[in-house]
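Coordinates as given in query13.txt (compact mmCIF, C-alpha atoms and all ligand atoms):
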# COMPACT_ATOMS: atom_id res chain seq x y z
CA MET B 1 56.34 -48.61 17.01
CA GLY B 2 59.68 -50.36 16.71
CA PRO B 3 61.04 -52.97 19.12
CA LYS B 4 61.61 -51.94 22.71
CA PHE B 5 64.90 -50.11 23.25
CA HIS B 6 67.63 -52.23 24.86
CA GLN B 7 70.88 -50.43 25.65
CA ARG B 8 74.11 -52.07 24.52
CA ARG B 9 75.80 -53.50 27.58
CA TYR B 10 79.36 -52.38 26.83
CA PHE B 11 78.03 -48.87 26.29
CA TYR B 12 76.02 -48.87 29.50
CA TYR B 13 79.03 -50.20 31.42
CA LEU B 14 81.04 -47.10 30.50
CA SER B 15 78.32 -44.48 30.48
CA GLY B 16 75.41 -45.41 32.75
CA ALA B 17 73.14 -43.98 30.04
CA SER B 18 70.17 -46.07 28.95
CA PHE B 19 68.62 -44.12 26.09
CA PRO B 20 69.30 -44.17 22.35
CA GLY B 21 71.53 -42.05 20.16
CA CYS B 22 74.51 -41.56 22.51
CA SER B 23 78.26 -42.06 22.21
CA VAL B 24 80.97 -42.23 24.82
CA THR B 25 84.67 -41.33 24.63
CA TYR B 26 87.37 -42.11 27.14
CA ASP B 27 90.76 -40.45 26.96
CA ILE B 28 93.00 -43.04 28.57
CA ALA B 29 95.96 -40.72 29.20
CA ARG B 30 93.82 -38.03 30.82
CA ASP B 31 91.43 -40.49 32.50
CA HIS B 32 88.57 -38.42 31.17
CA LEU B 33 85.19 -39.86 30.19
CA ILE B 34 82.67 -37.90 28.14
CA LEU B 35 79.07 -38.94 27.45
CA TRP B 36 77.79 -37.52 24.17
CA ILE B 37 74.00 -37.23 24.04
CA PRO B 38 71.59 -36.32 21.25
CA TYR B 39 69.77 -33.04 21.07
CA VAL B 40 66.09 -33.93 20.94
CA ASP B 41 64.13 -31.93 18.41
CA PRO B 42 60.78 -30.78 19.91
CA ARG B 43 58.99 -32.60 17.08
CA ASN B 44 60.45 -35.87 18.32
CA VAL B 45 59.22 -35.18 21.83
CA LEU B 46 55.70 -35.46 20.41
CA TRP B 47 56.35 -39.06 19.37
CA TYR B 48 58.99 -40.40 21.74
CA GLY B 49 59.03 -38.05 24.72
CA LYS B 50 61.97 -36.23 26.22
CA SER B 51 65.34 -37.82 26.74
CA PRO B 52 67.66 -36.68 29.53
CA SER B 53 69.38 -33.30 29.25
CA THR B 54 73.08 -32.78 29.95
CA ASP B 55 72.19 -31.76 33.52
CA ASP B 56 69.99 -34.84 34.00
CA CYS B 57 72.89 -37.02 32.86
CA ARG B 58 75.34 -35.34 35.20
CA ALA B 59 72.94 -36.06 38.06
CA ILE B 60 72.61 -39.81 37.34
CA SER B 61 76.11 -40.68 36.17
CA THR B 62 79.67 -40.20 37.33
CA VAL B 63 81.04 -39.42 33.87
CA ASP B 64 83.47 -36.47 33.81
CA ASP B 65 81.50 -34.47 31.28
CA VAL B 66 78.29 -34.58 29.25
CA ARG B 67 78.10 -32.86 25.86
CA TYR B 68 75.83 -32.76 22.81
CA ILE B 69 76.81 -35.25 20.15
CA SER B 70 76.91 -32.55 17.47
CA GLY B 71 80.31 -31.59 18.94
CA LEU B 72 81.83 -35.09 18.72
CA ASP B 73 83.52 -34.74 15.32
CA LYS B 74 85.28 -31.56 16.34
CA PHE B 75 86.34 -33.15 19.61
CA LEU B 76 87.86 -36.14 17.81
CA TYR B 77 89.67 -33.82 15.40
CA THR B 78 91.30 -32.04 18.33
CA ALA B 79 91.92 -35.05 20.56
CA LEU B 80 93.33 -37.45 17.97
CA VAL B 81 96.80 -36.18 17.33
CA PRO B 82 98.74 -37.91 14.52
CA GLY B 83 100.09 -41.27 15.68
CA SER B 84 97.48 -41.79 18.37
CA THR B 85 95.22 -44.82 18.52
CA LEU B 86 91.46 -44.87 18.70
CA PHE B 87 90.08 -48.10 20.18
CA VAL B 88 86.51 -48.95 19.13
CA LEU B 89 84.48 -52.05 19.93
CA HIS B 90 83.28 -53.06 16.48
CA PRO B 91 84.53 -52.21 12.98
CA GLU B 92 81.12 -50.79 12.03
CA GLN B 93 81.44 -48.27 14.87
CA LYS B 94 84.52 -46.57 13.40
CA PRO B 95 83.88 -42.82 13.17
CA LYS B 96 84.55 -41.10 9.86
CA LEU B 97 87.88 -39.40 10.45
CA GLU B 98 88.63 -37.78 7.10
CA SER B 99 89.07 -34.51 8.86
CA THR B 100 91.93 -35.58 11.19
CA LYS B 101 95.27 -33.89 10.82
CA GLY B 102 97.32 -36.99 10.16
CA VAL B 103 97.43 -40.75 10.50
CA VAL B 104 95.38 -42.15 13.37
CA ASN B 105 95.39 -45.87 14.12
CA ILE B 106 92.00 -47.42 14.64
CA ASP B 107 92.06 -50.63 16.66
CA THR B 108 88.88 -52.74 16.67
CA VAL B 109 90.34 -55.76 18.48
CA LYS B 110 91.77 -54.82 21.88
CA LEU B 111 88.92 -52.94 23.53
CA ARG B 112 86.49 -55.81 23.94
CA PRO B 113 88.83 -58.19 25.82
CA ALA B 114 89.98 -55.29 27.99
CA MET B 115 86.38 -54.48 28.89
CA ASP B 116 85.55 -58.14 29.47
CA ALA B 117 88.45 -58.42 31.90
CA ALA B 118 87.04 -55.43 33.78
CA ARG B 119 83.42 -56.56 33.63
CA VAL B 120 84.06 -60.00 35.09
CA ILE B 121 85.04 -58.46 38.45
CA LYS B 122 82.08 -56.50 39.76
CA THR B 123 82.44 -53.13 41.49
CA ASP B 124 80.57 -52.56 44.74
CA TYR B 125 78.06 -50.47 42.76
CA GLU B 126 77.42 -53.35 40.39
CA VAL B 127 77.03 -55.80 43.26
CA ALA B 128 74.42 -53.47 44.76
CA MET B 129 72.51 -53.47 41.46
CA ILE B 130 72.63 -57.28 41.14
CA ARG B 131 71.57 -57.59 44.79
CA ARG B 132 68.57 -55.33 44.18
CA ALA B 133 67.58 -57.28 41.05
CA ASN B 134 67.78 -60.47 43.13
CA ALA B 135 65.71 -58.98 45.95
CA ILE B 136 62.87 -58.10 43.56
CA SER B 137 63.04 -61.48 41.81
CA SER B 138 63.11 -63.30 45.14
CA ALA B 139 60.01 -61.43 46.32
CA ALA B 140 58.32 -62.21 42.98
CA HIS B 141 59.12 -65.92 43.42
CA LYS B 142 57.58 -65.67 46.88
CA ALA B 143 54.47 -64.01 45.41
CA VAL B 144 54.07 -66.96 43.04
CA MET B 145 54.63 -69.51 45.84
CA SER B 146 52.08 -67.84 48.10
CA ARG B 147 49.37 -68.13 45.42
CA LEU B 148 50.49 -71.34 43.75
CA LYS B 149 47.73 -73.60 45.10
CA LYS B 150 45.09 -71.32 43.58
CA LEU B 151 46.72 -71.18 40.14
CA ALA B 152 45.57 -73.24 37.18
CA SER B 153 48.18 -72.61 34.49
CA GLU B 154 51.75 -71.76 33.62
CA ARG B 155 50.40 -68.51 32.13
CA GLU B 156 49.20 -67.31 35.52
CA ILE B 157 52.62 -67.98 37.04
CA ASP B 158 54.28 -66.01 34.24
CA ALA B 159 51.78 -63.15 34.68
CA ILE B 160 52.14 -62.95 38.47
CA PHE B 161 55.92 -62.97 38.26
CA SER B 162 56.27 -60.29 35.60
CA GLY B 163 53.44 -58.19 37.03
CA PHE B 164 55.02 -58.22 40.47
CA CYS B 165 58.43 -57.17 39.12
CA THR B 166 56.90 -54.37 37.03
CA ALA B 167 54.98 -53.06 40.02
CA GLN B 168 58.25 -53.01 41.99
CA GLY B 169 59.89 -50.80 39.36
CA ALA B 170 61.59 -53.59 37.43
CA PRO B 171 59.66 -53.86 34.15
CA ASN B 172 62.39 -55.74 32.25
CA GLN B 173 63.08 -59.43 32.71
CA ALA B 174 66.72 -60.45 32.32
CA TYR B 175 65.59 -63.36 30.10
CA PRO B 176 62.29 -64.92 29.05
CA ILE B 177 60.45 -66.42 32.03
CA ILE B 178 60.60 -70.23 32.19
CA ALA B 179 57.51 -71.61 33.94
CA GLY B 180 57.60 -75.30 33.03
CA SER B 181 55.23 -77.75 34.69
CA GLY B 182 55.41 -81.54 34.52
CA PRO B 183 57.46 -82.70 31.52
CA ASN B 184 58.01 -79.06 30.45
CA ALA B 185 60.36 -78.70 33.41
CA SER B 186 62.76 -80.97 31.53
CA THR B 187 63.12 -78.46 28.67
CA LEU B 188 65.94 -76.21 29.81
CA HIS B 189 64.84 -73.07 28.01
CA TYR B 190 61.07 -73.72 27.89
CA GLU B 191 59.32 -70.43 27.11
CA LEU B 192 55.79 -71.26 25.95
CA ASN B 193 54.35 -71.06 29.48
CA ASN B 194 50.90 -71.93 28.14
CA GLU B 195 49.88 -75.27 29.66
CA PRO B 196 47.56 -76.16 32.56
CA LEU B 197 49.04 -77.33 35.87
CA ALA B 198 46.34 -79.91 36.57
CA GLY B 199 47.60 -83.43 37.21
CA ARG B 200 51.27 -82.42 37.30
CA GLN B 201 53.73 -82.77 40.18
CA LEU B 202 56.14 -79.86 39.87
CA VAL B 203 56.62 -76.52 38.23
CA CYS B 204 60.12 -75.20 37.59
CA LEU B 205 60.14 -71.39 37.66
CA ASP B 206 63.37 -69.86 36.31
CA ALA B 207 62.80 -66.10 36.29
CA GLY B 208 64.80 -63.01 37.16
CA ALA B 209 64.24 -59.31 36.70
CA GLU B 210 66.73 -56.60 35.75
CA TRP B 211 67.50 -53.59 37.88
CA ASN B 212 69.19 -50.68 36.11
CA CYS B 213 70.30 -53.05 33.32
CA TYR B 214 71.79 -55.55 35.82
CA ALA B 215 70.44 -59.11 35.77
CA SER B 216 69.33 -61.62 38.32
CA ASP B 217 68.85 -65.33 37.59
CA VAL B 218 66.74 -67.33 40.03
CA THR B 219 65.14 -70.78 39.88
CA ARG B 220 62.90 -72.58 42.31
CA THR B 221 60.98 -75.81 41.70
CA PHE B 222 57.64 -76.05 43.48
CA PRO B 223 55.27 -78.93 44.26
CA ILE B 224 52.01 -77.76 42.65
CA SER B 225 49.83 -79.39 45.33
CA GLY B 226 51.96 -78.06 48.19
CA THR B 227 53.37 -81.54 48.94
CA PHE B 228 56.13 -83.34 47.05
CA THR B 229 55.36 -86.84 45.75
CA PRO B 230 57.96 -89.33 47.07
CA GLU B 231 59.75 -89.29 43.68
CA ALA B 232 59.74 -85.49 43.42
CA ALA B 233 60.91 -85.22 47.04
CA ALA B 234 63.83 -87.54 46.31
CA ILE B 235 64.95 -85.59 43.24
CA HIS B 236 64.46 -82.23 44.94
CA ALA B 237 66.61 -83.47 47.85
CA ILE B 238 69.40 -84.53 45.47
CA VAL B 239 69.47 -81.16 43.71
CA THR B 240 69.38 -79.40 47.08
CA ARG B 241 72.42 -81.39 48.18
CA MET B 242 74.23 -80.69 44.90
CA GLN B 243 73.56 -76.98 45.30
CA ASN B 244 74.36 -76.69 49.02
CA GLU B 245 77.66 -78.52 48.68
CA CYS B 246 78.72 -76.45 45.68
CA ILE B 247 77.77 -73.13 47.28
CA GLN B 248 79.72 -74.07 50.41
CA ARG B 249 82.82 -74.48 48.26
CA VAL B 250 82.61 -71.11 46.48
CA LYS B 251 85.57 -68.95 47.49
CA PRO B 252 88.50 -67.16 45.85
CA GLY B 253 90.95 -69.55 44.16
CA ILE B 254 88.46 -72.34 43.42
CA VAL B 255 88.38 -73.57 39.82
CA PHE B 256 84.68 -73.44 38.98
CA SER B 257 84.71 -76.59 36.86
CA THR B 258 85.73 -78.62 39.93
CA LEU B 259 82.42 -77.58 41.49
CA HIS B 260 80.59 -78.89 38.44
CA LEU B 261 82.42 -82.20 38.86
CA HIS B 262 81.50 -82.26 42.54
CA ALA B 263 77.82 -81.78 41.66
CA CYS B 264 78.10 -84.70 39.21
CA ILE B 265 79.61 -86.95 41.86
CA VAL B 266 76.77 -86.13 44.28
CA ALA B 267 74.25 -86.83 41.50
CA VAL B 268 75.81 -90.20 40.60
CA THR B 269 75.93 -91.29 44.25
CA GLU B 270 72.33 -90.31 44.91
CA LEU B 271 70.90 -91.64 41.63
CA LEU B 272 72.58 -94.97 42.43
CA ARG B 273 70.92 -94.88 45.85
CA LEU B 274 67.51 -94.35 44.19
CA GLY B 275 68.18 -97.18 41.74
CA ILE B 276 67.86 -95.01 38.61
CA LEU B 277 71.54 -95.79 37.99
CA HIS B 278 72.75 -99.35 38.59
CA ASN B 279 75.11 -102.06 37.40
CA GLY B 280 78.34 -100.26 38.28
CA THR B 281 80.27 -98.42 40.96
CA ALA B 282 79.92 -94.66 41.36
CA ALA B 283 83.46 -94.22 40.02
CA GLU B 284 82.83 -96.38 36.94
CA ILE B 285 79.54 -94.63 36.09
CA PHE B 286 81.07 -91.21 36.72
CA ASN B 287 83.91 -92.02 34.34
CA ARG B 288 81.47 -93.00 31.58
CA GLY B 289 79.66 -89.66 31.93
CA THR B 290 76.22 -91.29 32.06
CA VAL B 291 75.15 -88.68 34.61
CA THR B 292 74.92 -86.13 31.79
CA ALA B 293 71.66 -87.85 30.79
CA PHE B 294 70.16 -86.24 33.88
CA PHE B 295 72.39 -83.19 34.50
CA PRO B 296 73.03 -82.00 30.96
CA HIS B 297 74.10 -78.37 31.47
CA GLY B 298 76.86 -76.45 33.18
CA LEU B 299 76.69 -75.69 36.89
CA GLY B 300 76.57 -71.94 36.32
CA HIS B 301 77.77 -68.77 34.64
CA HIS B 302 78.69 -65.19 35.46
CA VAL B 303 75.83 -62.75 36.06
CA GLY B 304 76.09 -59.02 35.47
CA LEU B 305 74.88 -56.70 32.76
CA GLU B 306 73.92 -59.83 30.89
CA VAL B 307 72.33 -62.86 32.47
CA HIS B 308 75.05 -65.00 30.90
CA ASP B 309 77.71 -62.40 31.51
CA VAL B 310 81.19 -62.19 30.04
CA SER B 311 83.85 -64.37 31.67
CA GLY B 312 86.99 -62.43 30.73
CA PRO B 313 89.99 -64.13 29.17
CA GLN B 314 89.32 -67.45 30.84
CA ARG B 315 86.39 -69.79 30.89
CA LEU B 316 84.26 -70.83 33.78
CA LEU B 317 83.57 -74.42 32.83
CA LEU B 318 85.83 -75.84 30.16
CA GLY B 319 89.42 -74.77 29.62
CA ALA B 320 91.78 -74.43 26.72
CA THR B 321 91.71 -78.08 25.69
CA ALA B 322 87.97 -77.91 25.05
CA VAL B 323 87.94 -74.85 22.79
CA PRO B 324 86.96 -75.90 19.29
CA LYS B 325 89.38 -74.71 16.61
CA GLY B 326 88.84 -71.17 15.48
CA ARG B 327 86.72 -70.27 18.48
CA ARG B 328 87.83 -67.79 21.12
CA GLY B 329 86.39 -66.31 24.24
CA GLY B 330 84.09 -67.59 26.93
CA ALA B 331 81.37 -68.97 24.72
CA ILE B 332 81.20 -72.48 26.17
CA GLY B 333 78.99 -71.84 29.11
CA LYS B 334 75.81 -73.02 30.64
CA ARG B 335 74.05 -73.03 27.29
CA GLU B 336 76.33 -75.74 25.96
CA VAL B 337 75.02 -79.24 26.48
CA MET B 338 77.24 -81.19 28.85
CA THR B 339 77.76 -84.51 27.14
CA PRO B 340 79.72 -87.55 28.32
CA GLU B 341 82.53 -86.28 26.06
CA THR B 342 82.65 -82.72 27.45
CA LEU B 343 82.45 -84.08 30.99
CA ALA B 344 85.44 -86.31 30.26
CA VAL B 345 87.41 -83.26 29.03
CA MET B 346 86.46 -81.36 32.15
CA TYR B 347 87.60 -84.23 34.36
CA ARG B 348 90.91 -84.53 32.48
CA GLU B 349 91.49 -80.81 32.91
CA ALA B 350 90.69 -81.02 36.61
CA LEU B 351 93.20 -83.86 37.08
CA ALA B 352 95.88 -81.71 35.44
CA LEU B 353 95.32 -78.86 37.88
CA SER B 354 98.01 -78.17 40.41
CA PRO B 355 98.22 -75.62 43.20
CA TRP B 356 101.45 -74.33 41.66
CA ALA B 357 100.47 -73.81 38.07
CA ALA B 358 97.81 -71.63 36.50
CA PRO B 359 94.94 -73.67 35.08
CA LYS B 360 94.95 -73.89 31.29
CA GLY B 361 92.14 -71.54 30.40
CA GLN B 362 89.78 -72.47 33.22
CA GLN B 363 88.89 -69.72 35.59
CA ARG B 364 89.71 -69.52 39.27
CA LEU B 365 87.05 -67.60 41.15
CA GLU B 366 88.05 -64.15 42.41
CA LYS B 367 86.59 -61.75 44.91
CA ASN B 368 83.63 -59.78 43.50
CA MET B 369 82.78 -62.22 40.77
CA VAL B 370 79.07 -63.12 40.74
CA VAL B 371 78.20 -66.59 39.47
CA THR B 372 75.11 -68.76 39.48
CA ILE B 373 75.10 -72.16 41.13
CA GLU B 374 72.27 -73.98 39.40
CA PRO B 375 72.37 -77.75 39.45
CA GLY B 376 69.44 -79.68 38.07
CA ILE B 377 68.20 -83.21 37.47
CA TYR B 378 65.89 -83.66 34.48
CA PHE B 379 63.93 -86.49 32.93
CA CYS B 380 63.63 -85.50 29.27
CA ARG B 381 62.29 -88.68 27.70
CA GLU B 382 63.33 -87.89 24.11
CA TYR B 383 66.89 -86.86 25.07
CA ILE B 384 67.52 -89.75 27.46
CA GLN B 385 66.15 -92.28 24.97
CA ALA B 386 68.08 -91.00 21.94
CA TYR B 387 71.51 -90.50 23.48
CA PHE B 388 71.63 -92.84 26.47
CA LEU B 389 69.08 -95.67 26.36
CA ASP B 390 69.81 -96.27 22.67
CA ASN B 391 73.55 -96.35 23.42
CA PRO B 392 74.73 -99.60 25.02
CA THR B 393 77.63 -97.85 26.78
CA HIS B 394 75.15 -95.93 28.92
CA ALA B 395 72.00 -98.06 28.72
CA LYS B 396 73.48 -100.75 30.96
CA TYR B 397 73.86 -98.28 33.81
CA ILE B 398 70.26 -96.98 33.65
CA ASN B 399 67.43 -98.98 35.18
CA LYS B 400 64.53 -98.40 32.77
CA GLU B 401 61.81 -99.69 35.10
CA VAL B 402 62.88 -97.39 37.92
CA LEU B 403 63.37 -94.49 35.51
CA GLU B 404 59.75 -94.80 34.29
CA LYS B 405 58.56 -93.80 37.78
CA TYR B 406 60.57 -90.57 37.57
CA TYR B 407 59.51 -89.20 34.16
CA PRO B 408 56.42 -87.53 35.68
CA VAL B 409 58.74 -85.54 37.98
CA GLY B 410 59.85 -83.65 34.86
CA GLY B 411 62.82 -81.79 36.25
CA VAL B 412 64.19 -79.92 39.23
CA ARG B 413 66.55 -76.97 39.10
CA ILE B 414 67.54 -74.68 41.98
CA GLU B 415 69.50 -71.56 41.12
CA ASP B 416 71.01 -68.75 43.17
CA CYS B 417 73.37 -65.87 42.36
CA ILE B 418 76.49 -66.10 44.49
CA LEU B 419 78.93 -63.27 45.23
CA VAL B 420 82.53 -64.34 45.83
CA THR B 421 83.82 -62.53 48.94
CA ASP B 422 87.28 -62.22 50.58
CA ASP B 423 87.20 -65.66 52.11
CA GLY B 424 84.00 -67.32 50.93
CA ASN B 425 80.75 -66.20 49.43
CA GLN B 426 77.46 -64.49 50.00
CA ASN B 427 74.18 -65.64 48.49
CA LEU B 428 72.51 -62.67 46.78
CA THR B 429 69.29 -64.63 46.17
CA THR B 430 66.82 -64.66 49.04
CA ALA B 431 63.88 -66.57 47.50
CA PRO B 432 62.78 -69.22 50.01
CA LYS B 433 63.98 -72.79 49.53
CA GLY B 434 63.28 -76.13 51.18
CA ASP B 435 60.90 -76.13 54.16
CA GLU B 436 60.61 -72.36 54.08
CA MET B 437 59.40 -72.58 50.47
CA LEU B 438 56.86 -75.28 51.39
CA ALA B 439 55.58 -73.12 54.27
CA VAL B 440 55.01 -70.17 51.91
CA ILE B 441 53.20 -72.41 49.40
CA ASN B 442 50.99 -73.94 52.09
CA GLU B 443 50.51 -71.11 54.55
CA GLY B 444 51.01 -68.01 52.39
CA CYS B 445 53.07 -65.07 53.58
CA ILE B 446 53.13 -61.34 53.97
CA LEU B 447 55.14 -60.17 50.98
CA TYR B 448 56.45 -56.99 52.54
N1 LIG G 1 67.83 -68.53 33.03
C1 LIG G 1 68.86 -68.99 32.21
C2 LIG G 1 69.88 -69.66 33.00
O1 LIG G 1 69.61 -70.14 34.08
O2 LIG G 1 71.03 -69.71 32.68
MN MN G 2 71.45 -69.33 35.03
MN MN G 3 68.09 -69.33 35.26
Please go through the file and, once you have read it, give me the structure as structure tokens.
Amino acid sequence: MGPKFHQRRYFYYLSGASFPGCSVTYDIARDHLILWIPYVDPRNVLWYGKSPSTDDCRAISTVDDVRYISGLDKFLYTALVPGSTLFVLHPEQKPKLESTKGVVNIDTVKLRPAMDAARVIKTDYEVAMIRRANAISSAAHKAVMSRLKKLASEREIDAIFSGFCTAQGAPNQAYPIIAGSGPNASTLHYELNNEPLAGRQLVCLDAGAEWNCYASDVTRTFPISGTFTPEAAAIHAIVTRMQNECIQRVKPGIVFSTLHLHACIVAVTELLRLGILHNGTAAEIFNRGTVTAFFPHGLGHHVGLEVHDVSGPQRLLLGATAVPKGRRGGAIGKREVMTPETLAVMYREALALSPWAAPKGQQRLEKNMVVTIEPGIYFCREYIQAYFLDNPTHAKYINKEVLEKYYPVGGVRIEDCILVTDDGNQNLTTAPKGDEMLAVINEGCILY
């Protein structure tokens, strides 16, 4: 058997069809969308089963017409009059058009940005899908919490989460489950999920299921014993404050990168209070970017058909001045490490913002965008040592003795999917947090 089928997201966006061998055409002038599906030979049913018929497709999708793909060539021959333009996503997807009547332009550049601009603003249907994905993931997080004290390993957490989602009709995860305990919580994309929980303080569970190809992205960080150690409680409280204050500020018109900067300011203030940072004022330490030792990733990203969804023509975190030469699009996102240098660029861009001028490449939030707000504080010994403690610019602001006490905390991240509404936002993630989370861990719960 080959790898599991995964529908291309741009294709699914236009067609709603999640099975192989299809095409889709859209006649812009006529506003007419046709899904072209394969005829399935009965021999193939023996191996791969049936795929939907034209009637099945009409029932599940709002396309204007559904036809068998064997008629596509003839359709293109008729539809593409000389001088017309055919827009395709990728050069390798150009149809063979020898049989057209005259010259047809084939454009492989303009379709993708046009679709990205559409995809970044979610329709009500898409919001409903993302909400459903979040509801299942939130219940799965709750299932893990309610059994946590009986669990012995990261593997069991992974198994309970994915098993719960599958049983709820969501067999696909939007990304590999991250169930990192102790120091593993400081690895942002930890995927091994194969270590015992014994003797560790926290487990960071970043896991979200898909619903009808739409993603969710949810993180909670649990005390394994049911009670936070004083150090873990302090870090969890800081991340909670970073997240609450950023979520409160989500509304149309906000430049997302200013929320990231706000989270950094909260982190600097609170890490100074704990004594992990010292030897300078909050402003001085913020300006050096030393906080990126502990909060080394972006505050969030768009969520949609992909967990790190497209951002359209602008960028959520860093604007035009941060785009490396020769690189276009919204690629600098959460996955990019936030370094002292990138934080400085972000701050410079924020200072240049004015209410009267459009930001240079950074994105203002708009109604019906869905973004994550996912601050974190991590204690990754290797990373902090190599780039901060070994660098005198930063080392002087970090108290090594105090920091030693916090390495066993590993890391804390809290992540929700937030819908931008007319005048504010709505949290699509309902997994318990704070005291409610502790109550589920310690007292259990009825899942439904
Ligand atoms: N789960 C990947 C992320 O949080 O972006
Ligand atoms: Mn995320
Ligand atoms: Mn996540």
Residues at most 7 Å from Ala263 in chain B, counting only C-alpha atoms, excluding those fewer than 3 positions away in the same chain, as a list in words?
Met242, Cys246, Leu259, His260, Val266 and Ala267 of chain B
Residues within 6 Å of (63.8, -66.0, 46.9), counting only C-alpha atoms, listed as a PDB file with C-alpha atoms, keeping the file's coordinate frame:
ATOM      1  CA  SER B 138      63.110 -63.300  45.140  1.00  0.00           C
ATOM      2  CA  ALA B 139      60.010 -61.430  46.320  1.00  0.00           C
ATOM      3  CA  HIS B 141      59.120 -65.920  43.420  1.00  0.00           C
ATOM      4  CA  THR B 429      69.290 -64.630  46.170  1.00  0.00           C
ATOM      5  CA  THR B 430      66.820 -64.660  49.040  1.00  0.00           C
ATOM      6  CA  ALA B 431      63.880 -66.570  47.500  1.00  0.00           C
ATOM      7  CA  PRO B 432      62.780 -69.220  50.010  1.00  0.00           C
TER       8      PRO B 432
END
Mind dumping a table of every range 180-218 of chain B residue within 9 Å of range 369-391 of chain B, with the nearest atom pair and its distance in Å to one decimal, using only C-alpha atoms, sorted by chain and rising number, as a Markdown table?
| residue | atom | partner | partner_atom | distance |
| --- | --- | --- | --- | --- |
| B:Pro183 | CA | B:Cys380 | CA | 7.1 |
| B:Asn184 | CA | B:Cys380 | CA | 8.6 |
| B:Ala185 | CA | B:Tyr378 | CA | 7.5 |
| B:Ser186 | CA | B:Tyr378 | CA | 5.1 |
| B:Thr187 | CA | B:Cys380 | CA | 7.1 |
| B:Leu188 | CA | B:Tyr378 | CA | 8.8 |
| B:Asp217 | CA | B:Thr372 | CA | 7.4 |
| B:Val218 | CA | B:Thr372 | CA | 8.5 |
What's the 8 Å shell around range 225-235 of chain B, counting all atoms listed in the file, without same-chain residues fewer than 2 positions away, as an mmCIF file with C-alpha atoms, in the coordinates of the input?
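Listed below is the output, around_16.cif:
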data_model
loop_
_atom_site.group_PDB
_atom_site.id
_atom_site.type_symbol
_atom_site.label_atom_id
_atom_site.label_comp_id
_atom_site.auth_asym_id
_atom_site.auth_seq_id
_atom_site.Cartn_x
_atom_site.Cartn_y
_atom_site.Cartn_z
ATOM 1 C CA LYS B 149 47.730 -73.600 45.100
ATOM 2 C CA GLN B 201 53.730 -82.770 40.180
ATOM 3 C CA LEU B 202 56.140 -79.860 39.870
ATOM 4 C CA PHE B 222 57.640 -76.050 43.480
ATOM 5 C CA PRO B 223 55.270 -78.930 44.260
ATOM 6 C CA ALA B 237 66.610 -83.470 47.850
ATOM 7 C CA ILE B 238 69.400 -84.530 45.470
ATOM 8 C CA VAL B 239 69.470 -81.160 43.710
ATOM 9 C CA ILE B 377 68.200 -83.210 37.470
ATOM 10 C CA LYS B 405 58.560 -93.800 37.780
ATOM 11 C CA TYR B 406 60.570 -90.570 37.570
ATOM 12 C CA VAL B 409 58.740 -85.540 37.980
ATOM 13 C CA VAL B 412 64.190 -79.920 39.230
ATOM 14 C CA LEU B 438 56.860 -75.280 51.390
ATOM 15 C CA ILE B 441 53.200 -72.410 49.400
ATOM 16 C CA ASN B 442 50.990 -73.940 52.090
#
Would you compute the distance between CA of Asp309 in chain B and CA of Ser354 in chain B? Give it in Å to one decimal.
27.2 Å
Give the answer as one residue: which of B:Gly298, B:Gly275, B:Gly16, B:Pro95 has the shortest atom-to-atom distance to ligand MN 3 (chain G), using only C-alpha atoms and all ligand atoms?
B:Gly298
Between CA of Asn194 in chain B and CA of Ser162 in chain B, distance in Å (one decimal)
14.8 Å
Taking all atoms listed in the file into account, which residues have an atom no farther than 9 Å from ligand MN 2 (chain G)? I'd like them as a PDB file with C-alpha atoms, keeping the file's coordinate frame.
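After the write, pocket_21.pdb holds the following:
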ATOM      1  CA  ASP B 206      63.370 -69.860  36.310  1.00  0.00           C
ATOM      2  CA  SER B 216      69.330 -61.620  38.320  1.00  0.00           C
ATOM      3  CA  ASP B 217      68.850 -65.330  37.590  1.00  0.00           C
ATOM      4  CA  VAL B 218      66.740 -67.330  40.030  1.00  0.00           C
ATOM      5  CA  THR B 219      65.140 -70.780  39.880  1.00  0.00           C
ATOM      6  CA  LEU B 299      76.690 -75.690  36.890  1.00  0.00           C
ATOM      7  CA  GLY B 300      76.570 -71.940  36.320  1.00  0.00           C
ATOM      8  CA  HIS B 301      77.770 -68.770  34.640  1.00  0.00           C
ATOM      9  CA  HIS B 302      78.690 -65.190  35.460  1.00  0.00           C
ATOM     10  CA  VAL B 303      75.830 -62.750  36.060  1.00  0.00           C
ATOM     11  CA  VAL B 307      72.330 -62.860  32.470  1.00  0.00           C
ATOM     12  CA  HIS B 308      75.050 -65.000  30.900  1.00  0.00           C
ATOM     13  CA  LYS B 334      75.810 -73.020  30.640  1.00  0.00           C
ATOM     14  CA  ARG B 335      74.050 -73.030  27.290  1.00  0.00           C
ATOM     15  CA  VAL B 371      78.200 -66.590  39.470  1.00  0.00           C
ATOM     16  CA  THR B 372      75.110 -68.760  39.480  1.00  0.00           C
ATOM     17  CA  ILE B 373      75.100 -72.160  41.130  1.00  0.00           C
ATOM     18  CA  GLU B 374      72.270 -73.980  39.400  1.00  0.00           C
ATOM     19  CA  GLU B 415      69.500 -71.560  41.120  1.00  0.00           C
ATOM     20  CA  ASP B 416      71.010 -68.750  43.170  1.00  0.00           C
ATOM     21  CA  CYS B 417      73.370 -65.870  42.360  1.00  0.00           C
TER      22      CYS B 417
END
Kindly indicate which residue among B:Thr290, B:Asn105, B:Ser311, B:Gln173 lies nearest to ligand LIG 1 (chain G), using only C-alpha atoms and all ligand atoms for the distances.
B:Gln173
At a cut-off of 10 Å, using all atoms listed in the file, what residues contact His32 in chain B? Leave out same-chain residues fewer than 6 positions from it and give the result as a list in words.
Thr25, Tyr26, Val63, Asp64 and Asp65 of chain B
